[in-house]
Amino acid sequence: MNILKMVGTGLIALLAGIQLIPVDRDNPPVTAGFDGPPEVEAVLKTACYNCHSNETDWPWYAYVAPMKFAVADHVEEGRGEFNLSEWGSFTQEFKDHLRHEMWEEVEEGKMPLPNYVWLHPEAVLSREQKETLRQWSLQAAQKPAGEGEGDAGHEEHDHEH
Ligand code: HEC
């Protein structure tokens with residue numbers, strides 16, 4: 001058997017093998033859904049819900065290794081940052097903090113994740129959709145903000161920026 005054939009057979013066996021590794025693709029129940037303005041909810045549903053809520057619309061490639069590992073990872077991390085299906089249970093401080101953060105990430109083009117947008121062109125936000133988020137984030141600034149405690153009830157950030 002020539003070396004190429006051996007490598008090829010090995011690769012196929014490996015690809016078949018990793019299909020068997022399970023990943024979590026749960027959509028847990030929505031305990032306290034988003035209670036903000038409907039127009040904001042619509043924007044978030046278009047661009048953020050797949051990773052930041054329990055209402056994930058799992059794509060076909062979420063069932064195929066190795067892509068499924070990346071998808072499951074993003075959803076787990078996204079839900080870990082903040083889960084819009086638990087929004088109703090957040091404190092006002094945390095909601096204000098998040099509104100601010102969410103707009104900041106969108107404004108800087110960091111969210112939705114660029115490699116997600118590539119496969120989900122519908123998640124590219126229009127000028128109007130961005131304006132909706134911006135206006136909503138500004139409402140938070142009207143309240144006297146407690147310094148440095150915006151992270152109340154928030155999990156540790158284990159990544160930079
Ligand atoms: C493809 C999955 C995915 C989508 C879609 C997505 N996010 Fe995220 N989001 C993540 C992941 C993963 C992280 C944590 C890692 C990181 O910050 O890059 C994150 C982190 C965040 C953070 C915290 C950033 C920080 O540094 O503290 C905010 C805020 C955020 N996302 C907002 C949004 C908003 C708003 C949308 C929709 C416009 C959105 N995300 C869409 C996956 C996603």
# chains A, B, ... in the order shown; residues from 1 in each chain; ligands from 1
>>> select_by_dssp(residues="segment 57-111 of chain A", states="helix (DSSP H, G or I)", output="ChimeraX atom specification")
/A:60-63,67-81,84-89,92-107
>>> residues_near_ligand(ligand="ligand 1", cutoff="6 Å", atoms="only C-alpha atoms and all ligand atoms", output="ChimeraX atom specification")
/A:44,47-48,50-51,74-75,77-78,81,101-102,105-106,111-113,116,161
>>> write_last_selection(atoms="N, CA and C atoms", output="PDB file, in the first residue's frame")
ATOM      1  N   LEU A  44     -31.992  42.014  17.843  1.00  0.00           N
ATOM      2  CA  LEU A  44     -31.207  41.004  18.561  1.00  0.00           C
ATOM      3  C   LEU A  44     -31.518  39.607  18.032  1.00  0.00           C
ATOM      4  N   ALA A  47     -29.577  39.018  14.817  1.00  0.00           N
ATOM      5  CA  ALA A  47     -28.111  38.970  14.796  1.00  0.00           C
ATOM      6  C   ALA A  47     -27.453  38.338  16.011  1.00  0.00           C
ATOM      7  N   CYS A  48     -28.160  38.178  17.123  1.00  0.00           N
ATOM      8  CA  CYS A  48     -27.484  37.768  18.353  1.00  0.00           C
ATOM      9  C   CYS A  48     -28.049  36.503  19.002  1.00  0.00           C
ATOM     10  N   ASN A  50     -28.777  33.543  18.157  1.00  0.00           N
ATOM     11  CA  ASN A  50     -28.232  32.195  17.930  1.00  0.00           C
ATOM     12  C   ASN A  50     -27.137  31.830  18.919  1.00  0.00           C
ATOM     13  N   CYS A  51     -26.433  32.832  19.435  1.00  0.00           N
ATOM     14  CA  CYS A  51     -25.363  32.539  20.392  1.00  0.00           C
ATOM     15  C   CYS A  51     -25.634  33.066  21.795  1.00  0.00           C
ATOM     16  N   HIS A  74     -19.022  28.469  20.455  1.00  0.00           N
ATOM     17  CA  HIS A  74     -19.498  29.841  20.360  1.00  0.00           C
ATOM     18  C   HIS A  74     -20.787  30.032  21.137  1.00  0.00           C
ATOM     19  N   VAL A  75     -21.670  29.061  21.013  1.00  0.00           N
ATOM     20  CA  VAL A  75     -22.958  29.192  21.702  1.00  0.00           C
ATOM     21  C   VAL A  75     -22.753  29.110  23.214  1.00  0.00           C
ATOM     22  N   GLU A  77     -20.048  29.842  24.904  1.00  0.00           N
ATOM     23  CA  GLU A  77     -19.378  31.071  25.347  1.00  0.00           C
ATOM     24  C   GLU A  77     -20.320  32.266  25.283  1.00  0.00           C
ATOM     25  N   GLY A  78     -21.083  32.342  24.205  1.00  0.00           N
ATOM     26  CA  GLY A  78     -22.021  33.448  24.030  1.00  0.00           C
ATOM     27  C   GLY A  78     -23.055  33.469  25.151  1.00  0.00           C
ATOM     28  N   GLU A  81     -21.553  34.677  28.373  1.00  0.00           N
ATOM     29  CA  GLU A  81     -21.383  36.130  28.495  1.00  0.00           C
ATOM     30  C   GLU A  81     -22.680  36.765  28.973  1.00  0.00           C
ATOM     31  N   GLU A 101     -22.484  47.596  26.585  1.00  0.00           N
ATOM     32  CA  GLU A 101     -21.517  46.654  26.012  1.00  0.00           C
ATOM     33  C   GLU A 101     -21.961  46.144  24.640  1.00  0.00           C
ATOM     34  N   MET A 102     -23.252  45.858  24.529  1.00  0.00           N
ATOM     35  CA  MET A 102     -23.762  45.284  23.290  1.00  0.00           C
ATOM     36  C   MET A 102     -23.600  46.264  22.133  1.00  0.00           C
ATOM     37  N   GLU A 105     -19.855  46.602  21.181  1.00  0.00           N
ATOM     38  CA  GLU A 105     -19.357  45.488  20.365  1.00  0.00           C
ATOM     39  C   GLU A 105     -19.838  45.602  18.920  1.00  0.00           C
ATOM     40  N   VAL A 106     -21.086  46.033  18.759  1.00  0.00           N
ATOM     41  CA  VAL A 106     -21.630  46.167  17.403  1.00  0.00           C
ATOM     42  C   VAL A 106     -20.960  47.337  16.693  1.00  0.00           C
ATOM     43  N   MET A 111     -19.186  42.234  17.037  1.00  0.00           N
ATOM     44  CA  MET A 111     -20.365  41.379  17.143  1.00  0.00           C
ATOM     45  C   MET A 111     -21.374  41.806  16.084  1.00  0.00           C
ATOM     46  N   PRO A 112     -22.155  40.893  15.499  1.00  0.00           N
ATOM     47  CA  PRO A 112     -21.961  39.448  15.639  1.00  0.00           C
ATOM     48  C   PRO A 112     -20.584  39.012  15.122  1.00  0.00           C
ATOM     49  N   LEU A 113     -20.077  37.894  15.623  1.00  0.00           N
ATOM     50  CA  LEU A 113     -18.748  37.421  15.241  1.00  0.00           C
ATOM     51  C   LEU A 113     -18.594  37.421  13.722  1.00  0.00           C
ATOM     52  N   TYR A 116     -19.253  34.389  11.772  1.00  0.00           N
ATOM     53  CA  TYR A 116     -20.663  33.995  11.796  1.00  0.00           C
ATOM     54  C   TYR A 116     -21.412  34.722  10.673  1.00  0.00           C
ATOM     55  N   HIS A 161      -9.771  42.127  25.802  1.00  0.00           N
ATOM     56  CA  HIS A 161     -10.503  43.253  25.223  1.00  0.00           C
ATOM     57  C   HIS A 161     -11.766  43.639  25.909  1.00  0.00           C
TER      58      HIS A 161
END
>>> closest_residue(among="A:Met6, A:Leu138, A:Ala65, A:Leu133", to="Pro37 of chain A", atoms="only C-alpha atoms")
A:Leu133
>>> atom_distance(atom1="atom CA of Thr132 of chain A", atom2="atom CA of Asn83 of chain A")
19.9 Å
>>> residues_around(residues="segment 85-99 of chain A", least_positions_apart="3", cutoff="6 Å", atoms="only C-alpha atoms", output="count of residues only")
11
>>> closest_residue(among="A:Leu4, A:Ala13, A:Val43, A:Ala62", to="Trp136 of chain A", atoms="only C-alpha atoms")
A:Val43
>>> atom_distance(atom1="atom CA of Ala16 of chain A", atom2="atom CA of Tyr61 of chain A")
14.9 Å
>>> residues_around(residues="segment 122-124 of chain A", least_positions_apart="2", cutoff="7 Å", atoms="only C-alpha atoms", output="list in words")
Thr46, Ala47, Val117, His120 and Ser126 of chain A
>>> closest_residue(among="A:Met67, A:Glu55, A:Met1, A:Glu128", to="Pro29 of chain A", atoms="only C-alpha atoms")
A:Glu55
